[in-house]
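Visitor: So here's final-v4.txt, just compact mmCIF, C-alpha atoms and all ligand atoms:
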```
# COMPACT_ATOMS: atom_id res chain seq x y z
CA MET A 1 103.73 142.96 55.48
CA LYS A 2 102.44 142.47 58.99
CA LEU A 3 99.94 139.96 60.30
CA ASN A 4 97.84 141.61 63.02
CA LYS A 5 95.28 139.00 63.93
CA LEU A 6 94.14 135.45 63.25
CA LYS A 7 90.58 134.59 64.16
CA ILE A 8 89.88 130.89 64.44
CA GLY A 9 86.35 129.53 64.24
CA LEU A 10 87.47 125.96 64.46
CA TYR A 11 90.52 124.51 62.71
CA ARG A 12 91.91 120.99 63.19
CA ASN A 13 92.37 120.66 66.99
CA LEU A 14 92.31 124.44 67.59
CA LEU A 15 89.44 125.92 69.58
CA PRO A 16 87.82 129.24 68.68
CA ALA A 17 90.21 132.11 69.44
CA GLU A 18 91.42 135.55 68.43
CA VAL A 19 95.21 135.59 68.27
CA PHE A 20 97.08 138.90 68.00
CA PHE A 21 100.57 139.29 66.57
CA ASP A 22 103.21 141.93 67.18
CA ASP A 23 106.19 143.11 65.14
CA GLY A 24 109.43 141.18 65.62
CA ILE A 25 109.50 137.71 67.12
CA ASN A 26 106.22 135.98 68.09
CA VAL A 27 106.81 132.58 69.69
CA ILE A 28 104.12 129.90 69.58
CA TRP A 29 105.09 127.51 72.34
CA GLY A 30 103.73 124.41 74.00
CA ASP A 31 104.31 120.68 74.37
CA ASN A 32 104.21 118.23 71.50
CA ALA A 33 100.88 117.60 69.75
CA GLN A 34 99.10 120.63 71.24
CA GLY A 35 98.37 122.51 67.97
CA LYS A 36 101.41 124.76 67.33
CA THR A 37 101.92 123.62 63.75
CA ASN A 38 98.17 123.69 63.15
CA LEU A 39 98.24 127.37 64.07
CA LEU A 40 101.14 128.12 61.74
CA GLU A 41 99.52 126.13 58.95
CA GLY A 42 96.32 128.11 59.46
CA ILE A 43 98.25 131.33 58.79
CA TYR A 44 100.13 129.95 55.80
CA ILE A 45 96.87 128.97 54.05
CA PHE A 46 96.42 132.65 53.25
CA ALA A 47 99.78 132.79 51.47
CA ARG A 48 99.75 129.50 49.64
CA GLY A 49 96.02 129.21 49.02
CA LYS A 50 95.75 125.81 50.68
CA PRO A 51 97.07 123.95 53.73
CA TYR A 52 100.53 122.51 53.21
CA ARG A 53 100.17 119.23 55.10
CA ILE A 54 96.95 117.72 53.81
CA LYS A 55 95.85 114.93 51.54
CA LYS A 56 92.37 116.39 51.11
CA GLU A 57 90.98 119.77 52.06
CA SER A 58 88.38 118.40 54.46
CA ASP A 59 91.30 117.21 56.69
CA VAL A 60 91.35 120.68 58.25
CA ILE A 61 87.85 120.23 59.66
CA PRO A 62 88.10 119.11 63.30
CA PHE A 63 87.45 115.40 63.78
CA GLY A 64 83.73 114.83 64.33
CA LYS A 65 82.71 118.36 63.24
CA ASP A 66 81.26 119.73 59.98
CA SER A 67 83.16 122.94 59.36
CA ALA A 68 86.33 124.96 59.92
CA SER A 69 86.97 128.67 59.51
CA LEU A 70 89.84 131.12 59.67
CA GLU A 71 90.18 134.85 59.16
CA ILE A 72 93.24 137.12 59.13
CA GLU A 73 93.75 140.85 59.40
CA TYR A 74 97.03 142.14 58.03
CA THR A 75 98.68 145.40 57.00
CA SER A 76 100.47 145.84 53.70
CA PHE A 77 101.90 149.22 52.64
CA ASN A 78 100.00 150.88 55.50
CA ARG A 79 96.68 149.48 54.28
CA ASP A 80 94.60 147.17 56.43
CA ASN A 81 93.21 144.10 54.72
CA SER A 82 91.35 140.97 55.70
CA MET A 83 90.96 137.51 54.22
CA SER A 84 88.89 134.56 55.31
CA VAL A 85 88.33 130.95 54.43
CA PHE A 86 85.48 128.65 55.37
CA TYR A 87 85.37 124.88 54.90
CA ARG A 88 82.23 122.76 55.17
CA LYS A 89 82.16 118.98 54.63
CA GLY A 90 81.17 118.05 51.10
CA GLU A 91 81.14 121.65 49.87
CA LYS A 92 83.59 123.86 48.00
CA ARG A 93 85.53 126.10 50.35
CA GLN A 94 84.47 129.74 50.54
CA MET A 95 87.13 132.42 50.27
CA LYS A 96 86.78 136.13 50.93
CA ILE A 97 89.05 139.12 50.55
CA CYS A 98 88.02 142.22 52.53
CA GLY A 99 84.53 140.72 52.85
CA GLY A 100 84.05 140.09 49.11
CA GLU A 101 83.65 136.50 47.99
CA ILE A 102 86.12 135.20 45.40
CA THR A 103 85.91 131.98 43.44
CA LYS A 104 89.38 131.45 42.03
CA ALA A 105 92.38 130.36 44.09
CA SER A 106 94.51 132.50 41.75
CA GLU A 107 92.79 135.62 43.15
CA PHE A 108 93.42 134.45 46.71
CA ILE A 109 97.16 133.77 46.34
CA GLY A 110 99.59 136.70 46.27
CA ASN A 111 97.76 139.05 48.66
CA PHE A 112 99.10 138.03 52.06
CA LYS A 113 102.74 137.04 51.61
CA ALA A 114 104.64 134.68 53.86
CA VAL A 115 107.70 132.48 53.71
CA LEU A 116 107.37 129.17 55.51
CA PHE A 117 110.37 127.23 56.72
CA CYS A 118 109.84 123.82 58.29
CA PRO A 119 112.03 120.72 58.77
CA ASP A 120 110.50 119.20 55.60
CA HIS A 121 112.18 121.88 53.54
CA LEU A 122 115.38 119.89 53.55
CA SER A 123 113.56 118.06 50.75
CA ILE A 124 114.25 121.05 48.47
CA ILE A 125 117.87 119.93 48.47
CA LYS A 126 117.82 116.19 48.99
CA ASP A 127 114.62 114.86 47.45
CA SER A 128 113.34 114.43 43.92
CA PRO A 129 113.04 117.20 41.28
CA SER A 130 109.31 117.56 42.04
CA GLN A 131 110.18 119.10 45.44
CA ARG A 132 112.38 121.74 43.81
CA ARG A 133 109.70 122.50 41.21
CA LEU A 134 107.15 122.85 44.00
CA PHE A 135 109.45 125.24 45.88
CA LEU A 136 109.77 127.43 42.77
CA ASP A 137 106.04 127.30 42.00
CA VAL A 138 104.99 128.29 45.52
CA ALA A 139 107.59 131.07 45.72
CA ILE A 140 106.93 132.57 42.28
CA SER A 141 103.13 132.35 42.74
CA GLN A 142 103.36 134.70 45.71
CA THR A 143 104.54 137.59 43.57
CA ASP A 144 103.17 136.75 40.11
CA LYS A 145 99.45 136.15 39.60
CA LYS A 146 99.95 135.39 35.90
CA TYR A 147 102.24 132.55 36.92
CA VAL A 148 99.43 130.98 38.98
CA TYR A 149 97.11 131.24 35.97
CA MET A 150 99.66 129.88 33.48
CA LEU A 151 100.59 126.97 35.76
CA LYS A 152 96.96 125.95 36.15
CA LYS A 153 96.36 126.21 32.40
CA TYR A 154 99.56 124.27 31.68
CA ASN A 155 98.59 121.40 34.00
CA LYS A 156 95.13 121.19 32.46
CA LEU A 157 96.47 121.14 28.89
CA LEU A 158 99.14 118.67 29.88
CA LEU A 159 96.50 116.19 31.04
CA GLN A 160 94.59 116.59 27.77
CA ARG A 161 97.74 116.10 25.74
CA ALA A 162 98.79 113.06 27.81
CA ALA A 163 95.39 111.43 27.26
CA PHE A 164 95.58 112.14 23.54
CA ILE A 165 99.12 110.75 23.20
CA LYS A 166 98.07 107.59 25.06
CA ASP A 167 95.03 107.23 22.84
CA CYS A 168 97.16 107.62 19.68
CA ALA A 169 99.60 105.00 20.97
CA GLU A 170 96.86 102.52 21.84
CA LYS A 171 94.97 102.96 18.56
CA ASN A 172 98.22 102.94 16.63
CA THR A 173 97.16 106.00 14.60
CA VAL A 174 98.45 109.51 15.07
CA ASN A 175 96.30 112.56 14.41
CA PHE A 176 99.21 114.96 13.82
CA ASN A 177 96.97 118.01 13.34
CA MET A 178 95.27 117.54 16.67
CA LEU A 179 98.57 116.87 18.44
CA GLU A 180 100.09 119.95 16.86
CA ALA A 181 97.10 122.06 17.97
CA LEU A 182 97.52 120.84 21.56
CA SER A 183 101.26 121.51 21.45
CA GLN A 184 100.62 125.03 20.17
CA GLN A 185 98.36 125.76 23.12
CA LEU A 186 100.82 124.24 25.56
CA SER A 187 103.94 126.04 24.30
CA PRO A 188 103.19 129.63 25.48
CA CYS A 189 102.37 128.35 28.98
CA ALA A 190 105.50 126.19 29.09
CA SER A 191 107.59 129.10 27.87
CA TYR A 192 106.19 131.52 30.46
CA ILE A 193 106.72 129.06 33.34
CA GLU A 194 110.24 128.16 32.30
CA LYS A 195 111.30 131.79 31.76
CA LYS A 196 110.02 132.73 35.20
CA ARG A 197 111.63 129.75 36.91
CA LYS A 198 114.93 130.39 35.15
CA ALA A 199 114.96 134.03 36.21
CA TYR A 200 114.04 133.02 39.77
CA CYS A 201 116.95 130.56 39.93
CA LYS A 202 119.35 133.32 38.91
CA LYS A 203 118.13 135.48 41.81
CA LEU A 204 118.26 132.47 44.15
CA GLU A 205 121.88 131.88 43.21
CA GLY A 206 122.73 135.48 44.14
CA TYR A 207 121.07 135.48 47.56
CA MET A 208 121.94 131.88 48.45
CA GLY A 209 125.53 132.68 47.48
CA ILE A 210 125.67 135.48 50.07
CA SER A 211 124.22 133.27 52.85
CA ILE A 212 126.42 130.28 52.09
CA ASP A 213 129.48 132.50 51.91
CA GLU A 214 128.65 133.98 55.33
CA MET A 215 127.70 130.65 56.95
CA SER A 216 130.84 128.89 55.70
CA CYS A 217 133.19 131.87 56.30
CA GLY A 218 133.97 132.05 52.61
CA LYS A 219 134.82 128.36 52.21
CA GLU A 220 131.81 127.31 50.14
CA LYS A 221 130.34 128.54 46.89
CA VAL A 222 126.90 127.70 45.59
CA SER A 223 125.58 127.65 42.06
CA VAL A 224 121.93 127.30 41.10
CA SER A 225 120.83 126.59 37.56
CA TYR A 226 117.54 125.64 36.04
CA CYS A 227 117.55 122.50 33.90
CA GLY A 228 114.88 122.83 31.26
CA ILE A 229 114.73 122.47 27.48
CA THR A 230 117.22 125.27 26.84
CA GLU A 231 120.83 125.94 27.81
CA LYS A 232 121.68 128.32 30.69
CA ASP A 233 121.71 131.56 28.67
CA GLU A 234 119.13 130.59 26.06
CA GLU A 235 115.57 131.93 26.05
CA PRO A 236 112.91 129.20 26.49
CA SER A 237 110.67 130.79 23.86
CA THR A 238 107.28 129.54 22.65
CA GLU A 239 108.97 128.57 19.35
CA ALA A 240 111.63 126.58 21.20
CA PHE A 241 108.88 124.51 22.88
CA GLU A 242 106.96 124.05 19.62
CA LYS A 243 110.14 122.69 18.05
CA VAL A 244 110.81 120.30 20.92
CA TYR A 245 107.26 118.96 20.72
CA THR A 246 107.39 118.57 16.93
CA ASP A 247 110.81 116.90 16.98
CA ASN A 248 109.81 114.39 19.65
CA ILE A 249 106.27 113.35 18.79
CA LYS A 250 107.29 109.81 17.89
CA LYS A 251 109.25 109.38 21.09
CA GLU A 252 106.37 110.70 23.21
CA ILE A 253 103.95 108.29 21.54
CA GLN A 254 106.38 105.44 22.09
CA TYR A 255 106.57 106.29 25.82
CA LYS A 256 102.84 107.24 25.95
CA MET A 257 103.52 110.45 27.89
CA ASN A 258 104.49 114.14 27.83
CA LEU A 259 108.26 113.91 28.00
CA TYR A 260 109.26 117.60 27.78
CA GLY A 261 108.34 120.77 29.60
CA PRO A 262 108.27 122.39 33.04
CA HIS A 263 106.67 119.33 34.66
CA ARG A 264 109.89 117.37 33.96
CA ASP A 265 112.48 120.02 34.81
CA ASP A 266 114.86 120.23 37.74
CA VAL A 267 117.09 122.72 39.51
CA ASP A 268 120.77 121.92 39.82
CA ILE A 269 122.12 123.14 43.14
CA LEU A 270 125.88 122.69 43.35
CA LEU A 271 128.12 123.31 46.34
CA ASN A 272 131.74 123.86 45.41
CA GLY A 273 130.90 122.41 41.99
CA ARG A 274 129.36 119.17 43.26
CA SER A 275 125.72 118.13 43.32
CA SER A 276 124.28 119.10 46.70
CA ARG A 277 121.79 116.26 46.49
CA PHE A 278 124.42 113.53 46.27
CA TYR A 279 127.62 114.91 47.79
CA CYS A 280 126.64 117.30 50.59
CA SER A 281 126.57 116.39 54.27
CA GLN A 282 123.28 116.75 56.16
CA GLY A 283 124.62 119.96 57.72
CA GLN A 284 125.52 121.42 54.35
CA GLN A 285 122.09 120.46 53.01
CA ARG A 286 120.49 122.22 55.98
CA SER A 287 122.54 125.36 55.27
CA LEU A 288 121.43 125.26 51.64
CA SER A 289 117.74 124.84 52.45
CA LEU A 290 117.98 127.65 55.01
CA ALA A 291 119.75 129.84 52.43
CA ALA A 292 117.01 129.05 49.88
CA LYS A 293 114.28 130.12 52.29
CA LEU A 294 116.07 133.33 53.29
CA ALA A 295 116.55 134.03 49.58
CA GLU A 296 112.81 133.54 49.02
CA GLY A 297 112.12 136.35 51.50
CA GLU A 298 114.70 138.66 49.92
CA ILE A 299 113.38 138.07 46.40
CA SER A 300 109.82 138.74 47.57
CA ASN A 301 111.02 142.02 49.11
CA ASP A 302 112.84 143.00 45.88
CA GLU A 303 109.75 142.35 43.79
CA MET A 304 107.02 143.65 46.08
CA GLY A 305 108.82 146.35 48.07
CA GLU A 306 108.12 144.84 51.50
CA TYR A 307 109.25 141.76 53.40
CA PRO A 308 106.82 138.85 53.75
CA VAL A 309 105.91 137.42 57.15
CA TYR A 310 108.39 134.69 58.18
CA LEU A 311 106.86 131.49 59.55
CA PHE A 312 109.22 128.98 61.15
CA ASP A 313 107.95 125.62 62.25
CA ASP A 314 110.25 124.07 64.82
CA VAL A 315 113.34 124.80 62.75
CA LEU A 316 115.76 125.72 65.49
CA SER A 317 115.67 122.21 66.91
CA GLU A 318 117.01 121.09 63.52
CA LEU A 319 119.83 123.64 63.28
CA ASP A 320 123.16 123.70 65.11
CA SER A 321 123.95 126.79 67.19
CA GLY A 322 126.00 128.46 64.42
CA ARG A 323 123.24 128.16 61.85
CA ALA A 324 120.55 129.05 64.37
CA SER A 325 122.25 132.30 65.35
CA TYR A 326 122.92 133.06 61.69
CA LEU A 327 119.22 132.66 60.96
CA LEU A 328 118.16 134.84 63.87
CA SER A 329 120.69 137.52 62.91
CA LYS A 330 118.94 137.80 59.54
CA LEU A 331 115.49 138.42 60.97
CA ASP A 332 115.90 141.96 62.30
CA ASN A 333 113.05 144.27 61.26
CA LYS A 334 110.93 141.37 60.02
CA GLN A 335 107.82 139.88 61.52
CA VAL A 336 108.63 136.33 62.59
CA ILE A 337 106.20 133.72 63.90
CA ILE A 338 108.02 130.69 65.19
CA THR A 339 106.92 127.48 66.90
CA SER A 340 108.92 125.80 69.62
CA CYS A 341 108.48 123.43 72.55
CA ASN A 342 110.75 125.72 74.55
CA GLU A 343 109.26 129.09 75.51
CA GLU A 344 112.61 130.55 76.53
CA LEU A 345 114.69 129.53 73.50
CA PHE A 346 114.26 132.90 71.81
CA SER A 347 114.30 135.13 74.87
CA PRO A 348 117.88 136.34 74.21
CA TYR A 349 116.70 137.69 70.85
CA GLY A 350 113.87 139.79 72.26
CA VAL A 351 110.49 138.11 72.05
CA ASN A 352 107.56 140.54 71.68
CA ASN A 353 104.73 138.05 71.98
CA ARG A 354 104.35 134.59 73.49
CA ILE A 355 101.48 132.44 72.34
CA ASN A 356 100.80 129.31 74.31
CA VAL A 357 98.92 126.38 72.79
CA LYS A 358 97.63 123.66 75.08
CA ALA A 359 95.23 121.00 73.81
CA GLY A 360 94.07 123.38 71.09
CA GLU A 361 93.44 126.27 73.45
CA ILE A 362 95.40 129.40 72.57
CA LYS A 363 96.51 132.17 74.95
CA CYS A 364 98.71 135.07 73.89
CA THR A 365 100.52 137.74 75.89
CA PHE A 366 100.24 140.49 73.30
CA SER A 367 97.12 142.48 72.52
CA PRO A 368 97.09 145.69 70.49
CA PRO A 369 96.69 148.93 72.51
CA ASP A 370 93.08 149.53 71.43
CA THR A 371 91.92 146.00 72.27
CA LYS A 372 90.28 145.16 75.58
CA TYR A 373 91.63 141.65 75.98
N1 LIG A 401 91.30 117.59 61.61
C1 LIG A 401 91.75 117.46 62.88
N2 LIG A 401 90.89 117.50 63.92
C2 LIG A 401 91.32 117.40 65.20
N3 LIG A 401 92.61 117.23 65.54
C3 LIG A 401 93.51 117.18 64.54
C4 LIG A 401 93.13 117.30 63.16
N4 LIG A 401 94.24 117.22 62.41
C5 LIG A 401 95.26 117.03 63.27
N5 LIG A 401 94.84 117.03 64.54
C6 LIG A 401 95.62 116.86 65.79
O1 LIG A 401 96.18 118.07 66.17
C7 LIG A 401 97.21 117.76 67.11
C8 LIG A 401 98.25 118.84 67.10
O2 LIG A 401 99.01 118.77 65.91
P1 LIG A 401 100.22 119.77 65.63
O3 LIG A 401 100.94 119.23 64.44
O4 LIG A 401 99.75 121.15 65.53
O5 LIG A 401 101.08 119.60 66.96
P2 LIG A 401 102.33 120.44 67.47
O6 LIG A 401 101.91 121.23 68.67
O7 LIG A 401 102.94 121.18 66.36
O8 LIG A 401 103.27 119.28 67.99
P3 LIG A 401 104.85 119.02 67.74
O9 LIG A 401 105.57 119.82 68.78
O10 LIG A 401 104.98 117.57 68.02
O11 LIG A 401 105.20 119.39 66.36
C9 LIG A 401 97.69 116.37 66.77
O12 LIG A 401 97.54 115.54 67.90
C10 LIG A 401 96.79 115.92 65.65
O13 LIG A 401 96.38 114.59 65.77
MG MG A 402 104.63 120.88 65.18
```
Is it possible to give me this structure as structure tokens?
Ligand SMILES: Nc1ncnc2c1ncn2[C@@H]1O[C@H](COP(=O)(O)OP(=O)(O)OP(=O)(O)O)[C@@H](O)[C@H]1O
Ligand SMILES: [Mg+2]

Guide:
Amino acid sequence: MKLNKLKIGLYRNLLPAEVFFDDGINVIWGDNAQGKTNLLEGIYIFARGKPYRIKKESDVIPFGKDSASLEIEYTSFNRDNSMSVFYRKGEKRQMKICGGEITKASEFIGNFKAVLFCPDHLSIIKDSPSQRRLFLDVAISQTDKKYVYMLKKYNKLLLQRAAFIKDCAEKNTVNFNMLEALSQQLSPCASYIEKKRKAYCKKLEGYMGISIDEMSCGKEKVSVSYCGITEKDEEPSTEAFEKVYTDNIKKEIQYKMNLYGPHRDDVDILLNGRSSRFYCSQGQQRSLSLAAKLAEGEISNDEMGEYPVYLFDDVLSELDSGRASYLLSKLDNKQVIITSCNEELFSPYGVNNRINVKAGEIKCTFSPPDTKY
């Protein structure tokens, strides 16, 4: 997968521009608060389906303006594709793939594939289970459109079931038939999500194991296991979920909430047999989050047959020199777009394109051979 061009109408503080990208390392450089992360976020929208740093979608519209727009051109398996997104205040965003309008986010996600690594990703290791679930959901959604659909359906049904449980509890009467019907609709979605997440964790363990082994010179061993309703080697089948729901109806009514299913699960990441969340040093946690992100790229390549685009937001400033050179050694033959305050930081690794951002104005050194620029 290769990103060729990003065309910005307006986006946050970024001014209209056409930005070209080359193979290998592309450095987005500039002082603090100039728009480097905004640029990276603008690219990642096309992978994740929405900006990753917002409270509400209209936040991407420049202050005092009415609209924002972005368009990318990328090549996947030698085919050129384009995608665009347009935001206008008070309206639903418009999304297009190769010029054709689409209405569902699930059709948008999974076309342009990218792995994003930013300092916040330490949260995969050290924060609450919801961060690890989010990591899995974003990663799996990139390669599995059915997962996007099932997750959306699951969340919708979950809300309905939660409202019904609360209602039963408050009225002190339980309509078991209705509750059973809701559970029966929920179970296949829960089963699909949990199976996929479990399988993903197994692959994560493999790839993270290799990175951790290399980074620690064989001293550290990682294990990754999914904590859901079933044991490690058990299948989280639809029937298994139906049973859990049936067996725990009283408890759920007592607590007035959905107590079981993918929205409550966690991922156990152990380093040398101990919980990484509670016993690892900051440095070890950084190695683990870096290993998880590198694994995400490898898994995407295994499943789709090509590497995603790697987006790094200011990560080298967070890594010590050993980890930084390890990371860079793993990025050969991949397209990397990386932000930094220091233009020269990556020069020893062979930078193909330098993109300067200053007060939202973007200038890049690379332009494709057939472009008069
Ligand atoms: N909707 C918006 N409209 C206009 N400006 C915005 C909007 N949202 C954010 N900004 C501004 O964009 C500026 C650049 O933000 P960005 O996070 O891209 O900086 P950066 O270059 O990555 O800086 P740093 O090196 O500190 O990470 C910030 O000053 C921010 O206030
Ligand atoms: Mg930034």

Visitor: Would you mind listing the residues within 7 Å of ligand LIG 401 (chain A), counting only C-alpha atoms and all ligand atoms, as a list in words?

Guide: Arg12, Asn13, Gly30, Asp31, Asn32, Ala33, Gln34, Gly35, Lys36, Thr37, Asn38, Leu39, Asp59, Val60, Ile61, Pro62, Phe63, Ser340 and Cys341 of chain A

Visitor: One number please: CA of Lys7 (chain A) to CA of Ile97 (chain A), in Å, one decimal.

Guide: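 One can read the CA of Lys7 (chain A) to CA of Ile97 (chain A) distance as 14.4 Å.
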
Visitor: For Asp233 (chain A), which residue out of A:Ala199, A:Val309, A:Ala359, A:Met1 is the nearest one, using only C-alpha atoms?

Guide: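 Of all the options, A:Ala199 lies closest to Asp233 (chain A).
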
Visitor: Which is closest to Ser367 (chain A) among A:Asn352, A:Ser191, A:Ser58, A:Ser281, if we use only C-alpha atoms?

Guide: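 Once distances to Ser367 (chain A) are computed over only C-alpha atoms, the minimum belongs to A:Asn352.
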
Visitor: May I have the centre and edge lengths, in Å to one decimal, of an axis-aligned box around the listed atoms of region 355-370 of chain A with 4 Å added to every side, as lines of an AutoDock Vina configuration file?

Guide:
```
center_x = 97.3
center_y = 135.3
center_z = 73.2
size_x = 16.4
size_y = 36.5
size_z = 13.4
```

Visitor: Could you name the residues that touch Ser106 (chain A) at 12 Å or less, counting all atoms listed in the file, but leaving out those on the same chain fewer than 2 positions away, as a list in words?

Guide: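 Selected residues are Phe46, Ala47, Arg48, Gly49, Lys50, Met95, Ile102, Thr103, Lys104, Phe108, Ile109, Gly110, Asn111, Val138, Ser141, Gln142, Thr143, Asp144, Lys145, Lys146, Tyr147, Val148, Tyr149, Met150, Leu151, Lys152 and Lys153 of chain A.
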
Visitor: Take the residues from that selection and write them out as a CSV table (one decimal), in the coordinates of the input, keeping C-alpha atoms.

Guide:
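Generated output (result.csv):
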```
chain,number,residue,atom,x,y,z
A,46,PHE,CA,96.4,132.6,53.2
A,47,ALA,CA,99.8,132.8,51.5
A,48,ARG,CA,99.8,129.5,49.6
A,49,GLY,CA,96.0,129.2,49.0
A,50,LYS,CA,95.8,125.8,50.7
A,95,MET,CA,87.1,132.4,50.3
A,102,ILE,CA,86.1,135.2,45.4
A,103,THR,CA,85.9,132.0,43.4
A,104,LYS,CA,89.4,131.4,42.0
A,108,PHE,CA,93.4,134.4,46.7
A,109,ILE,CA,97.2,133.8,46.3
A,110,GLY,CA,99.6,136.7,46.3
A,111,ASN,CA,97.8,139.0,48.7
A,138,VAL,CA,105.0,128.3,45.5
A,141,SER,CA,103.1,132.4,42.7
A,142,GLN,CA,103.4,134.7,45.7
A,143,THR,CA,104.5,137.6,43.6
A,144,ASP,CA,103.2,136.8,40.1
A,145,LYS,CA,99.4,136.2,39.6
A,146,LYS,CA,100.0,135.4,35.9
A,147,TYR,CA,102.2,132.6,36.9
A,148,VAL,CA,99.4,131.0,39.0
A,149,TYR,CA,97.1,131.2,36.0
A,150,MET,CA,99.7,129.9,33.5
A,151,LEU,CA,100.6,127.0,35.8
A,152,LYS,CA,97.0,126.0,36.2
A,153,LYS,CA,96.4,126.2,32.4
```

Visitor: Record the distance separating CA of Leu259 (chain A) and CA of Tyr226 (chain A), expressed in Å with one decimal.

Guide: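 Atom-to-atom, CA of Leu259 (chain A) to CA of Tyr226 (chain A), that is 17.0 Å.
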
Visitor: Hey, can you check how far CA of Ile338 (chain A) sits from CA of Asp213 (chain A)?

Guide: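 We find that CA of Ile338 (chain A) and CA of Asp213 (chain A) lie 25.3 Å from each other.
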
Visitor: Kindly indicate which residue among A:Ile72, A:Ile229, A:Leu311, A:Val351 lies nearest to Arg264 (chain A), using only C-alpha atoms for the distances.

Guide: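 When distances to Arg264 (chain A) are compared using only C-alpha atoms, the smallest one comes from A:Ile229.
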
Visitor: Starting from the point (101.5, 148.0, 57.4), work out which residues of protein, DNA or RNA have an atom no more than 10 Å away when counting all atoms listed in the file; state them as a PyMOL selection string.

Guide: chain A and resi 1-4+74-81+306

Visitor: Env of Cys98 (chain A): 9 Å cut, atoms = only C-alpha atoms, seq-sep filter 5 positions within chain, self excluded. Answer as a ChimeraX atom specification.

Guide: /A:81-84

Visitor: Give the answer as one residue: which of A:Ser225, A:Gln335, A:Ser289, A:Thr246 has the shortest atom-to-atom distance to Cys118 (chain A), using only C-alpha atoms?

Guide: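 Of all the options, A:Ser289 lies closest to Cys118 (chain A).
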
Visitor: Which residue is closest to His121 (chain A)? Choose from A:Cys280, A:Cys364, A:Asp313, A:Lys156 and count all atoms listed in the file.

Guide: A:Asp313

Visitor: Leaving out Lys56 (chain A) and any residue of its chain fewer than 5 positions from it, which residues lie within 12 Å of it when counting only C-alpha atoms, given as number ranges by chain?

Guide: A: 50-51, 61, 87, 89-90, 92-93

Visitor: Using all atoms listed in the file and a cutoff of 12 Å, can you tell me which residues are near (100.8, 118.6, 16.2) in the file's coordinates, and write them out as a PyMOL selection string?

Guide: chain A and resi 161+164-165+174-187+242-250+252

Visitor: I need the residue nearest ligand MG 402 (chain A) from this list: A:Lys96, A:Arg132, A:Glu231, A:Val357. Use all atoms listed in the file for the distance.

Guide: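 The closest residue to ligand MG 402 (chain A) is A:Val357.
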
Visitor: Name all residues at most 7 Å from Arg88 (chain A) (count all atoms listed in the file; drop same-chain ones fewer than 5 positions away) and give them as a list in words.

Guide: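 Surrounding residues, per the criterion: Asp66, Ser67, Ala68 and Arg93 of chain A.
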
Visitor: Name all residues at most 12 Å from Cys201 (chain A) (count all atoms listed in the file; drop same-chain ones fewer than 6 positions away) and give them as a list in words.

Guide: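 The neighbour list is Arg132, Arg133, Phe135, Leu136, Asp137, Ala139, Ile140, Glu194, Lys195, Tyr207, Met208, Gly209, Val222, Ser223, Val224, Ser225, Tyr226, Cys227, Gly228, Lys232, Asp266, Val267, Asp268, Ile269, Ala292, Ala295, Glu296 and Ile299 of chain A.
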
Visitor: Go ahead and dump the residues you just picked, C-alpha atoms, as a PDB file, keeping the file's coordinate frame.

Guide:
```pdb
ATOM      1  CA  ARG A 132     112.380 121.740  43.810  1.00  0.00           C
ATOM      2  CA  ARG A 133     109.700 122.500  41.210  1.00  0.00           C
ATOM      3  CA  PHE A 135     109.450 125.240  45.880  1.00  0.00           C
ATOM      4  CA  LEU A 136     109.770 127.430  42.770  1.00  0.00           C
ATOM      5  CA  ASP A 137     106.040 127.300  42.000  1.00  0.00           C
ATOM      6  CA  ALA A 139     107.590 131.070  45.720  1.00  0.00           C
ATOM      7  CA  ILE A 140     106.930 132.570  42.280  1.00  0.00           C
ATOM      8  CA  GLU A 194     110.240 128.160  32.300  1.00  0.00           C
ATOM      9  CA  LYS A 195     111.300 131.790  31.760  1.00  0.00           C
ATOM     10  CA  TYR A 207     121.070 135.480  47.560  1.00  0.00           C
ATOM     11  CA  MET A 208     121.940 131.880  48.450  1.00  0.00           C
ATOM     12  CA  GLY A 209     125.530 132.680  47.480  1.00  0.00           C
ATOM     13  CA  VAL A 222     126.900 127.700  45.590  1.00  0.00           C
ATOM     14  CA  SER A 223     125.580 127.650  42.060  1.00  0.00           C
ATOM     15  CA  VAL A 224     121.930 127.300  41.100  1.00  0.00           C
ATOM     16  CA  SER A 225     120.830 126.590  37.560  1.00  0.00           C
ATOM     17  CA  TYR A 226     117.540 125.640  36.040  1.00  0.00           C
ATOM     18  CA  CYS A 227     117.550 122.500  33.900  1.00  0.00           C
ATOM     19  CA  GLY A 228     114.880 122.830  31.260  1.00  0.00           C
ATOM     20  CA  LYS A 232     121.680 128.320  30.690  1.00  0.00           C
ATOM     21  CA  ASP A 266     114.860 120.230  37.740  1.00  0.00           C
ATOM     22  CA  VAL A 267     117.090 122.720  39.510  1.00  0.00           C
ATOM     23  CA  ASP A 268     120.770 121.920  39.820  1.00  0.00           C
ATOM     24  CA  ILE A 269     122.120 123.140  43.140  1.00  0.00           C
ATOM     25  CA  ALA A 292     117.010 129.050  49.880  1.00  0.00           C
ATOM     26  CA  ALA A 295     116.550 134.030  49.580  1.00  0.00           C
ATOM     27  CA  GLU A 296     112.810 133.540  49.020  1.00  0.00           C
ATOM     28  CA  ILE A 299     113.380 138.070  46.400  1.00  0.00           C
TER      29      ILE A 299
END
```
